[in-house]
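This is data-v6.txt (compact mmCIF, C-alpha atoms).
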```txt
# COMPACT_ATOMS: atom_id res chain seq x y z
CA MET V 245 32.03 16.90 234.78
CA GLY V 246 33.75 17.05 231.39
CA THR V 247 37.03 15.35 230.75
CA ARG V 248 40.09 17.49 231.13
CA ARG V 249 42.07 17.98 227.91
CA PRO V 250 45.70 16.84 227.88
CA VAL V 251 48.27 19.56 228.57
CA LYS V 252 50.13 18.58 225.39
CA ASP V 253 47.07 19.34 223.23
CA LEU V 254 46.59 22.71 224.91
CA ASN V 255 50.24 23.60 224.33
CA ASN V 256 50.00 22.59 220.67
CA GLU V 257 46.93 24.79 220.27
CA ARG V 258 48.71 27.72 221.87
CA ILE V 259 51.69 27.26 219.53
CA ALA V 260 49.39 27.04 216.51
CA GLU V 261 47.58 30.19 217.62
CA GLN V 262 50.87 32.07 217.95
CA ILE V 263 51.93 30.91 214.48
CA ARG V 264 48.61 32.11 213.02
CA LYS V 265 48.96 35.41 214.85
CA TYR V 266 52.42 36.18 213.49
CA ALA V 267 52.16 34.33 210.16
CA LEU V 268 52.15 37.51 208.06
CA VAL V 269 55.18 38.90 209.84
CA ILE V 270 57.00 35.60 209.28
CA ILE V 271 56.04 35.65 205.58
CA LEU V 272 57.28 39.24 205.22
CA LEU V 273 60.61 38.43 206.86
CA LEU V 274 61.05 35.30 204.72
CA MET V 275 60.35 37.28 201.54
CA CYS V 276 62.92 39.90 202.55
CA ALA V 277 65.48 37.19 203.35
CA VAL V 278 64.95 35.43 200.00
CA PHE V 279 65.16 38.59 197.90
CA ALA V 280 68.15 39.85 199.89
CA GLY V 281 69.93 36.53 199.38
CA ILE V 282 69.27 36.52 195.64
CA SER V 283 69.95 40.18 194.87
CA PRO V 284 72.54 42.49 196.48
CA THR V 285 70.54 45.43 195.07
CA PHE V 286 67.52 44.55 197.20
CA ARG V 287 69.40 44.80 200.49
CA ARG V 288 70.86 48.23 199.80
CA LEU V 289 69.69 50.93 202.21
CA THR V 290 68.54 53.16 199.36
CA ASN V 291 66.31 50.38 198.06
CA ILE V 292 64.81 49.70 201.51
CA ILE V 293 63.99 53.41 201.84
CA ASN V 294 62.52 53.31 198.35
CA ILE V 295 60.23 50.42 199.32
CA PHE V 296 58.79 52.44 202.18
CA ARG V 297 58.36 55.47 199.91
CA GLN V 298 56.63 53.43 197.19
CA SER V 299 54.30 51.75 199.68
CA SER V 300 53.20 55.02 201.31
CA ILE V 301 50.44 55.98 198.88
CA ASN V 302 48.96 52.49 198.76
CA GLY V 303 49.32 52.35 202.53
CA ILE V 304 47.31 55.54 203.05
CA LEU V 305 44.56 54.23 200.77
CA ALA V 306 44.65 50.81 202.46
CA VAL V 307 44.19 52.34 205.92
CA GLY V 308 40.96 54.01 204.78
CA MET V 309 39.88 50.83 203.02
CA THR V 310 40.44 48.88 206.24
CA LEU V 311 37.77 50.90 208.04
CA VAL V 312 35.37 50.51 205.10
CA ILE V 313 35.84 46.74 204.95
CA ILE V 314 35.52 46.37 208.73
CA ILE V 315 32.14 48.09 208.49
CA GLY V 316 31.10 45.50 205.91
CA GLY V 317 31.54 47.66 202.82
CA ILE V 318 33.95 48.17 199.96
CA ASP V 319 35.07 51.19 197.95
CA LEU V 320 36.00 50.89 194.28
CA SER V 321 36.18 54.65 193.80
CA ILE V 322 39.38 55.40 195.73
CA GLY V 323 41.52 55.51 192.56
CA PRO V 324 39.48 58.30 190.89
CA LEU V 325 39.12 60.09 194.25
CA CYS V 326 42.89 60.03 194.62
CA ALA V 327 43.34 61.32 191.05
CA ILE V 328 40.82 64.17 191.30
CA SER V 329 42.51 65.36 194.48
CA GLY V 330 45.78 65.78 192.60
CA VAL V 331 44.03 67.42 189.64
CA ALA V 332 42.33 69.96 191.91
CA ALA V 333 45.63 70.84 193.60
CA ALA V 334 47.46 71.14 190.26
CA LEU V 335 44.80 73.36 188.70
CA TYR V 336 44.86 75.68 191.71
CA LEU V 337 48.67 75.96 191.58
CA GLU V 338 48.46 76.92 187.91
CA VAL V 339 46.46 80.01 188.90
CA HIS V 340 48.14 80.62 192.29
CA PRO V 341 51.73 79.28 192.00
CA ASP V 342 52.56 80.08 195.62
CA GLY V 343 49.35 78.81 197.21
CA VAL V 344 50.75 75.50 198.43
CA VAL V 345 48.74 75.21 201.64
CA THR V 346 45.49 76.13 199.92
CA ALA V 347 46.23 73.68 197.10
CA ILE V 348 46.77 70.87 199.60
CA LEU V 349 43.57 71.66 201.48
CA LEU V 350 41.62 72.02 198.23
CA GLY V 351 42.83 68.64 196.99
CA ILE V 352 41.85 66.89 200.23
CA LEU V 353 38.52 68.72 200.41
CA THR V 354 37.66 67.84 196.80
CA ALA V 355 38.08 64.10 197.40
CA THR V 356 36.19 64.30 200.68
CA VAL V 357 33.22 66.12 199.13
CA MET V 358 33.11 63.73 196.16
CA SER V 359 33.13 60.75 198.54
CA ALA V 360 29.97 62.15 200.16
CA TRP V 361 28.12 60.86 197.08
CA THR V 362 29.10 57.32 198.06
CA ALA V 363 28.30 57.97 201.71
CA VAL V 364 24.78 59.11 200.86
CA LEU V 365 24.14 56.17 198.52
CA VAL V 366 25.35 53.56 201.00
CA ALA V 367 24.23 55.04 204.32
CA HIS V 368 20.97 56.77 203.49
CA LEU V 369 19.72 55.27 200.21
CA ARG V 370 20.84 51.74 201.18
CA VAL V 371 22.50 51.03 197.83
CA ALA V 372 24.86 48.04 197.91
CA PRO V 373 28.44 49.31 198.48
CA PHE V 374 29.75 47.60 195.35
CA ILE V 375 27.16 49.31 193.14
CA ALA V 376 27.39 52.65 194.95
CA THR V 377 31.16 52.89 194.70
CA LEU V 378 31.10 51.67 191.10
CA SER V 379 28.81 54.62 190.39
CA THR V 380 31.09 57.02 192.26
CA MET V 381 34.13 55.65 190.43
CA SER V 382 32.55 56.46 187.07
CA VAL V 383 31.26 59.88 188.13
CA VAL V 384 34.50 61.05 189.74
CA HIS V 385 36.65 59.76 186.89
CA GLY V 386 34.44 61.62 184.41
CA VAL V 387 34.59 64.83 186.44
CA ALA V 388 38.39 64.58 186.68
CA LEU V 389 38.67 64.21 182.91
CA VAL V 390 36.34 67.16 182.32
CA VAL V 391 38.03 69.62 184.68
CA ALA V 392 41.51 68.58 183.50
CA ASP V 393 40.49 68.58 179.80
CA GLY V 394 41.78 65.03 179.67
CA VAL V 395 45.44 66.07 179.96
CA PRO V 396 48.02 66.15 182.79
CA HIS V 397 48.72 69.49 184.48
CA THR V 398 52.35 69.98 185.48
CA ILE V 399 53.17 71.19 188.99
CA ARG V 400 56.23 73.44 189.12
CA ASN V 401 56.15 74.51 192.76
CA SER V 402 59.12 72.82 194.44
CA THR V 403 57.63 73.16 197.90
CA PHE V 404 54.57 71.18 196.85
CA THR V 405 56.52 68.51 194.95
CA ALA V 406 58.72 68.00 198.02
CA ILE V 407 55.70 66.36 199.66
CA GLY V 408 56.17 63.43 197.28
CA ASN V 409 59.90 63.56 196.60
CA GLY V 410 61.52 65.27 199.58
CA TYR V 411 63.04 64.01 202.79
CA LEU V 412 62.60 64.94 206.41
CA TRP V 413 66.17 66.26 206.35
CA ASP V 414 68.86 66.60 203.70
CA TYR V 415 70.57 63.23 203.31
CA THR V 416 73.58 64.78 201.56
CA LEU V 417 74.37 66.98 204.54
CA THR V 418 74.04 64.38 207.30
CA ASN V 419 75.15 60.87 208.08
CA ARG V 420 71.71 59.89 209.31
CA ILE V 421 69.11 57.85 207.43
CA SER V 422 66.79 60.04 205.39
CA ILE V 423 63.07 59.62 205.97
CA PRO V 424 60.96 60.35 202.88
CA ILE V 425 58.16 62.84 203.52
CA PRO V 426 55.53 60.42 202.07
CA VAL V 427 56.51 57.97 204.81
CA VAL V 428 56.04 60.68 207.44
CA VAL V 429 52.56 61.40 206.04
CA PHE V 430 51.80 57.66 206.03
CA VAL V 431 52.81 57.29 209.68
CA ALA V 432 50.66 60.29 210.62
CA VAL V 433 47.68 58.70 208.88
CA ILE V 434 48.28 55.42 210.73
CA LEU V 435 48.34 57.20 214.08
CA VAL V 436 45.16 59.21 213.41
CA ALA V 437 43.23 56.23 212.02
CA SER V 438 44.40 53.95 214.86
CA PHE V 439 43.26 56.47 217.45
CA LEU V 440 39.89 56.75 215.70
CA LEU V 441 39.41 52.99 215.43
CA TYR V 442 40.74 51.84 218.81
CA LYS V 443 40.30 54.77 221.17
CA THR V 444 36.96 56.34 220.26
CA ARG V 445 33.31 55.36 220.44
CA LEU V 446 33.08 55.64 216.66
CA GLY V 447 35.72 52.93 216.28
CA ARG V 448 33.75 50.56 218.51
CA TYR V 449 30.63 51.33 216.51
CA ILE V 450 32.45 50.53 213.25
CA TYR V 451 33.31 47.05 214.53
CA ALA V 452 29.79 46.58 215.89
CA VAL V 453 28.08 47.57 212.62
CA GLY V 454 30.41 45.37 210.59
CA GLY V 455 29.97 42.42 212.93
CA ASN V 456 26.17 42.47 213.05
CA GLU V 457 24.23 45.44 211.72
CA ASN V 458 20.90 44.32 213.16
CA ALA V 459 22.41 43.86 216.61
CA ALA V 460 24.02 47.28 216.33
CA LEU V 461 20.63 48.81 215.53
CA ALA V 462 19.07 47.02 218.47
CA ALA V 463 21.83 48.38 220.71
CA GLY V 464 20.89 51.93 219.72
CA ILE V 465 23.82 52.62 217.37
CA HIS V 466 23.04 55.10 214.61
CA VAL V 467 24.15 52.77 211.80
CA ARG V 468 23.56 55.24 208.96
CA ARG V 469 25.66 57.91 210.65
CA VAL V 470 28.50 55.47 211.32
CA LYS V 471 28.55 54.35 207.68
CA PHE V 472 28.38 57.93 206.42
CA ILE V 473 31.32 59.08 208.58
CA THR V 474 33.39 56.01 207.66
CA TYR V 475 33.03 56.57 203.93
CA LEU V 476 33.65 60.29 204.35
CA PHE V 477 36.85 59.60 206.34
CA ASN V 478 37.95 57.19 203.64
CA GLY V 479 37.42 59.95 201.07
CA LEU V 480 39.54 62.31 203.16
CA LEU V 481 42.41 59.80 203.17
CA CYS V 482 42.02 59.44 199.39
CA GLY V 483 42.51 63.19 199.22
CA VAL V 484 45.69 62.95 201.29
CA ALA V 485 47.01 60.14 199.09
CA GLY V 486 46.09 62.12 195.97
CA VAL V 487 48.09 65.14 197.10
CA VAL V 488 51.13 62.95 197.85
CA LEU V 489 50.77 61.19 194.48
CA ALA V 490 50.49 64.47 192.54
CA ALA V 491 53.56 65.77 194.33
CA ARG V 492 55.37 62.51 193.61
CA ILE V 493 54.73 62.59 189.84
CA THR V 494 54.83 66.43 189.75
CA SER V 495 51.50 66.69 187.95
CA GLY V 496 47.78 66.31 188.36
CA GLN V 497 46.61 63.50 186.09
CA PRO V 498 42.98 62.32 185.80
CA ASN V 499 44.18 58.74 185.20
CA ALA V 500 47.04 58.81 187.71
CA ALA V 501 45.59 56.34 190.22
CA ASP V 502 43.95 53.80 187.90
CA GLY V 503 43.92 50.39 189.57
CA TYR V 504 44.96 51.67 192.99
CA GLU V 505 41.73 50.41 194.51
CA MET V 506 42.71 46.81 193.78
CA ASP V 507 46.11 47.23 195.44
CA ALA V 508 44.48 48.71 198.55
CA ILE V 509 41.85 45.96 198.74
CA THR V 510 44.54 43.31 198.25
CA ALA V 511 46.62 44.74 201.11
CA VAL V 512 43.62 44.79 203.46
CA ILE V 513 42.56 41.23 202.61
CA VAL V 514 46.12 39.93 202.85
CA GLY V 515 46.24 41.65 206.25
CA GLY V 516 43.45 39.40 207.48
CA ALA V 517 40.38 41.63 207.25
CA SER V 518 37.15 39.81 206.43
CA MET V 519 35.02 40.85 203.47
CA ALA V 520 32.02 39.92 205.62
CA GLY V 521 32.86 42.80 207.96
CA GLY V 522 33.60 43.09 211.66
CA VAL V 523 37.20 41.83 211.42
CA GLY V 524 40.37 43.74 210.60
CA LYS V 525 43.31 45.60 212.11
CA ILE V 526 45.26 48.56 210.81
CA GLY V 527 48.54 47.05 211.95
CA MET V 528 47.96 43.88 209.94
CA THR V 529 46.94 45.95 206.92
CA ILE V 530 50.32 47.68 207.10
CA ILE V 531 52.01 44.27 207.04
CA GLY V 532 49.90 43.44 203.97
CA VAL V 533 51.00 46.70 202.31
CA LEU V 534 54.66 45.91 202.99
CA ILE V 535 54.29 42.34 201.69
CA LEU V 536 52.95 43.66 198.38
CA ALA V 537 55.61 46.39 198.22
CA VAL V 538 58.44 43.95 198.90
CA MET V 539 57.02 41.51 196.35
CA ASP V 540 56.74 44.20 193.65
CA ASN V 541 60.18 45.58 194.40
CA GLY V 542 61.88 42.21 194.57
CA LEU V 543 60.29 40.85 191.40
CA THR V 544 61.11 44.07 189.53
CA ILE V 545 64.75 43.87 190.60
CA LEU V 546 64.84 40.25 189.43
CA GLY V 547 63.51 41.34 186.04
CA VAL V 548 60.07 39.73 186.30
CA GLU V 549 57.61 41.49 183.96
CA SER V 550 54.70 43.41 185.46
CA TYR V 551 52.19 41.09 183.76
CA TYR V 552 53.38 38.18 185.88
CA GLN V 553 53.29 40.37 188.98
CA GLU V 554 49.58 40.97 188.39
CA ILE V 555 49.04 37.20 188.20
CA VAL V 556 50.84 36.77 191.52
CA LYS V 557 48.63 39.45 193.13
CA GLY V 558 45.51 37.66 191.90
CA VAL V 559 46.69 34.38 193.38
CA ILE V 560 47.48 36.13 196.68
CA ILE V 561 43.94 37.57 196.87
CA ALA V 562 42.37 34.15 196.22
CA ALA V 563 44.63 32.51 198.82
CA ALA V 564 43.84 35.19 201.42
CA VAL V 565 40.08 34.79 200.92
CA LEU V 566 40.32 30.99 201.14
CA ILE V 567 42.33 31.28 204.36
CA ASP V 568 39.69 33.66 205.73
CA ILE V 569 36.90 31.16 204.93
CA LYS V 570 38.89 28.27 206.43
CA THR V 571 39.56 30.26 209.61
CA LYS V 572 35.85 31.03 210.07
CA LYS V 573 34.95 27.34 209.67
CA THR V 574 37.56 26.42 212.26
```
Go ahead and express the file in the form of structure tokens.
Amino acid sequence: MGTRRPVKDLNNERIAEQIRKYALVIILLLMCAVFAGISPTFRRLTNIINIFRQSSINGILAVGMTLVIIIGGIDLSIGPLCAISGVAAALYLEVHPDGVVTAILLGILTATVMSAWTAVLVAHLRVAPFIATLSTMSVVHGVALVVADGVPHTIRNSTFTAIGNGYLWDYTLTNRISIPIPVVVFVAVILVASFLLYKTRLGRYIYAVGGNENAALAAGIHVRRVKFITYLFNGLLCGVAGVVLAARITSGQPNAADGYEMDAITAVIVGGASMAGGVGKIGMTIIGVLILAVMDNGLTILGVESYYQEIVKGVIIAAAVLIDIKTKKT
């Protein structure tokens, strides 16, 4: 018989496990406390609402990226996919100024169809995700520039622009807290993606393929189909984010979402997902999104230049990856 471990050691391990489990939440709360203590502007209700609004687009993209990373992939094309969605919607509204619903659906459909190129390369042609999405990024960005003639297209329909700038109810007429419509869209995306990942067979297959693709094949899982659907769903969410972004900036711009892929990947990695696949949670990704949003907002209020903010993001990515490696060794 093996020796029984001391109760004190077991309790210490349980405490350490709880700390690891809620570490990101603790970090987020500490960041909020520090910024709120330094700057009265940060703790204003209008600024808190603004943080949630600003984080919505990156949050939508990060949710889709979470599923892609869990499956063992990556997607560098989400920025151009997001941009071409807004361009498609803006171009349609130029011809049909009152066709808001059709413009929204067209924008989402455009990004989804364009993402099928990545899905085919990764799932059926077995191209490495990094190379496949790099190809898609170039192709989609080029197409967006061509169809937009390289210039922004202004959106003048107030109903459409309310998707990015409006509120769930009129703040000036009520004493309640206004909820920005982008936040409502973000929450809806979280609920749909969470149901897909945690309550359906496809979600279980995504974890299985990311954890061990060969074992998934041996278990009878159609790996190619799972990868194809995952990348296609990610493209759909890029379309949703693109519509919200176009409404937010009131124009369809082919370069509107440049660099958004790095913010989404950073949020997912900070949230604890493993680049090796098989590990990740949407809830933790949301915490990662909020950490980045609070950091950007707080540093901007304190007058820190954006160049230094990029340096901080790079350090955060490196630290998150190192923590992930250390956790696996443990």
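All protein, DNA and RNA residues at most 12 Å from (45.9, 34.0, 197.1) are V:Thr510, V:Ala511, V:Ile513, V:Val514, V:Gly515, V:Gly516, V:Glu554, V:Ile555, V:Val556, V:Lys557, V:Gly558, V:Val559, V:Ile560, V:Ile561, V:Ala562, V:Ala563, V:Ala564, V:Val565, V:Leu566, V:Ile567, V:Asp568, using all atoms listed in the file.
Within 12 Å of Ser438 in chain V, once all atoms listed in the file are used and residues closer than 3 positions along the same chain are dropped, the contacting residues are Val307, Gly308, Thr310, Leu311, Val431, Ala432, Val433, Ile434, Leu435, Leu441, Tyr442, Lys443, Thr444, Leu446, Gly447, Arg448, Gly524, Lys525, Ile526, Gly527, Met528, Thr529 and Ile530 of chain V.
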Restricting the output to C-alpha atoms, write the selected residues as a PDB file, in the frame of the given file.
```
ATOM      1  CA  VAL V 307      44.190  52.340 205.920  1.00  0.00           C
ATOM      2  CA  GLY V 308      40.960  54.010 204.780  1.00  0.00           C
ATOM      3  CA  THR V 310      40.440  48.880 206.240  1.00  0.00           C
ATOM      4  CA  LEU V 311      37.770  50.900 208.040  1.00  0.00           C
ATOM      5  CA  VAL V 431      52.810  57.290 209.680  1.00  0.00           C
ATOM      6  CA  ALA V 432      50.660  60.290 210.620  1.00  0.00           C
ATOM      7  CA  VAL V 433      47.680  58.700 208.880  1.00  0.00           C
ATOM      8  CA  ILE V 434      48.280  55.420 210.730  1.00  0.00           C
ATOM      9  CA  LEU V 435      48.340  57.200 214.080  1.00  0.00           C
ATOM     10  CA  LEU V 441      39.410  52.990 215.430  1.00  0.00           C
ATOM     11  CA  TYR V 442      40.740  51.840 218.810  1.00  0.00           C
ATOM     12  CA  LYS V 443      40.300  54.770 221.170  1.00  0.00           C
ATOM     13  CA  THR V 444      36.960  56.340 220.260  1.00  0.00           C
ATOM     14  CA  LEU V 446      33.080  55.640 216.660  1.00  0.00           C
ATOM     15  CA  GLY V 447      35.720  52.930 216.280  1.00  0.00           C
ATOM     16  CA  ARG V 448      33.750  50.560 218.510  1.00  0.00           C
ATOM     17  CA  GLY V 524      40.370  43.740 210.600  1.00  0.00           C
ATOM     18  CA  LYS V 525      43.310  45.600 212.110  1.00  0.00           C
ATOM     19  CA  ILE V 526      45.260  48.560 210.810  1.00  0.00           C
ATOM     20  CA  GLY V 527      48.540  47.050 211.950  1.00  0.00           C
ATOM     21  CA  MET V 528      47.960  43.880 209.940  1.00  0.00           C
ATOM     22  CA  THR V 529      46.940  45.950 206.920  1.00  0.00           C
ATOM     23  CA  ILE V 530      50.320  47.680 207.100  1.00  0.00           C
TER      24      ILE V 530
END
```
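The protein and nucleic acid residues lying at most 12 Å from Ile292 in chain V are Cys276, Phe279, Ala280, Pro284, Thr285, Phe286, Arg287, Arg288, Leu289, Thr290, Asn294, Ile295, Phe296, Arg297, Gln298, Ser299, Ile421, Ser422, Ile423, Pro424, Leu534, Ala537, Val538, Asn541 and Gly542 of chain V, with all atoms listed in the file considered and sequence neighbours fewer than 2 positions away removed.
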With the cut-off set at 12 Å and counting only C-alpha atoms, tabulate each residue of range 407-518 of chain V with an atom at most that distance from an atom of range 325-337 of chain V, showing the nearest atom pair and its distance in Å to one decimal, ordered by chain and increasing number, as CSV.
```
residue,atom,partner,partner_atom,distance
V:Gly408,CA,V:Gly330,CA,11.6
V:Tyr475,CA,V:Leu325,CA,12.0
V:Leu476,CA,V:Leu325,CA,11.5
V:Asn478,CA,V:Leu325,CA,9.9
V:Gly479,CA,V:Leu325,CA,7.0
V:Leu480,CA,V:Leu325,CA,9.2
V:Leu481,CA,V:Cys326,CA,8.6
V:Cys482,CA,V:Cys326,CA,4.9
V:Gly483,CA,V:Ser329,CA,5.2
V:Val484,CA,V:Cys326,CA,7.8
V:Ala485,CA,V:Cys326,CA,6.1
V:Gly486,CA,V:Cys326,CA,4.1
V:Val487,CA,V:Gly330,CA,5.1
V:Val488,CA,V:Gly330,CA,8.0
V:Leu489,CA,V:Gly330,CA,7.0
V:Ala490,CA,V:Gly330,CA,4.9
V:Ala491,CA,V:Gly330,CA,8.0
V:Arg492,CA,V:Gly330,CA,10.2
V:Ile493,CA,V:Gly330,CA,9.9
V:Thr494,CA,V:Ala334,CA,8.8
V:Ser495,CA,V:Ala334,CA,6.4
V:Gly496,CA,V:Val331,CA,4.1
V:Gln497,CA,V:Val331,CA,5.9
V:Pro498,CA,V:Ala327,CA,5.4
V:Asn499,CA,V:Ala327,CA,6.4
V:Ala500,CA,V:Ala327,CA,5.6
V:Ala501,CA,V:Ala327,CA,5.5
V:Asp502,CA,V:Ala327,CA,8.2
V:Gly503,CA,V:Cys326,CA,10.9
V:Tyr504,CA,V:Cys326,CA,8.8
V:Glu505,CA,V:Cys326,CA,9.7
```
Those same residues - C-alpha atoms - I'd like them written as a PDB file, in the frame of the given file.
```pdb
ATOM      1  CA  GLY V 408      56.170  63.430 197.280  1.00  0.00           C
ATOM      2  CA  TYR V 475      33.030  56.570 203.930  1.00  0.00           C
ATOM      3  CA  LEU V 476      33.650  60.290 204.350  1.00  0.00           C
ATOM      4  CA  ASN V 478      37.950  57.190 203.640  1.00  0.00           C
ATOM      5  CA  GLY V 479      37.420  59.950 201.070  1.00  0.00           C
ATOM      6  CA  LEU V 480      39.540  62.310 203.160  1.00  0.00           C
ATOM      7  CA  LEU V 481      42.410  59.800 203.170  1.00  0.00           C
ATOM      8  CA  CYS V 482      42.020  59.440 199.390  1.00  0.00           C
ATOM      9  CA  GLY V 483      42.510  63.190 199.220  1.00  0.00           C
ATOM     10  CA  VAL V 484      45.690  62.950 201.290  1.00  0.00           C
ATOM     11  CA  ALA V 485      47.010  60.140 199.090  1.00  0.00           C
ATOM     12  CA  GLY V 486      46.090  62.120 195.970  1.00  0.00           C
ATOM     13  CA  VAL V 487      48.090  65.140 197.100  1.00  0.00           C
ATOM     14  CA  VAL V 488      51.130  62.950 197.850  1.00  0.00           C
ATOM     15  CA  LEU V 489      50.770  61.190 194.480  1.00  0.00           C
ATOM     16  CA  ALA V 490      50.490  64.470 192.540  1.00  0.00           C
ATOM     17  CA  ALA V 491      53.560  65.770 194.330  1.00  0.00           C
ATOM     18  CA  ARG V 492      55.370  62.510 193.610  1.00  0.00           C
ATOM     19  CA  ILE V 493      54.730  62.590 189.840  1.00  0.00           C
ATOM     20  CA  THR V 494      54.830  66.430 189.750  1.00  0.00           C
ATOM     21  CA  SER V 495      51.500  66.690 187.950  1.00  0.00           C
ATOM     22  CA  GLY V 496      47.780  66.310 188.360  1.00  0.00           C
ATOM     23  CA  GLN V 497      46.610  63.500 186.090  1.00  0.00           C
ATOM     24  CA  PRO V 498      42.980  62.320 185.800  1.00  0.00           C
ATOM     25  CA  ASN V 499      44.180  58.740 185.200  1.00  0.00           C
ATOM     26  CA  ALA V 500      47.040  58.810 187.710  1.00  0.00           C
ATOM     27  CA  ALA V 501      45.590  56.340 190.220  1.00  0.00           C
ATOM     28  CA  ASP V 502      43.950  53.800 187.900  1.00  0.00           C
ATOM     29  CA  GLY V 503      43.920  50.390 189.570  1.00  0.00           C
ATOM     30  CA  TYR V 504      44.960  51.670 192.990  1.00  0.00           C
ATOM     31  CA  GLU V 505      41.730  50.410 194.510  1.00  0.00           C
TER      32      GLU V 505
END
```
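Between CA of Ala306 in chain V and CA of Asn456 in chain V the separation is 22.9 Å.
Atom pair CA of Ala460 in chain V / CA of Phe477 in chain V: separated by 20.4 Å.
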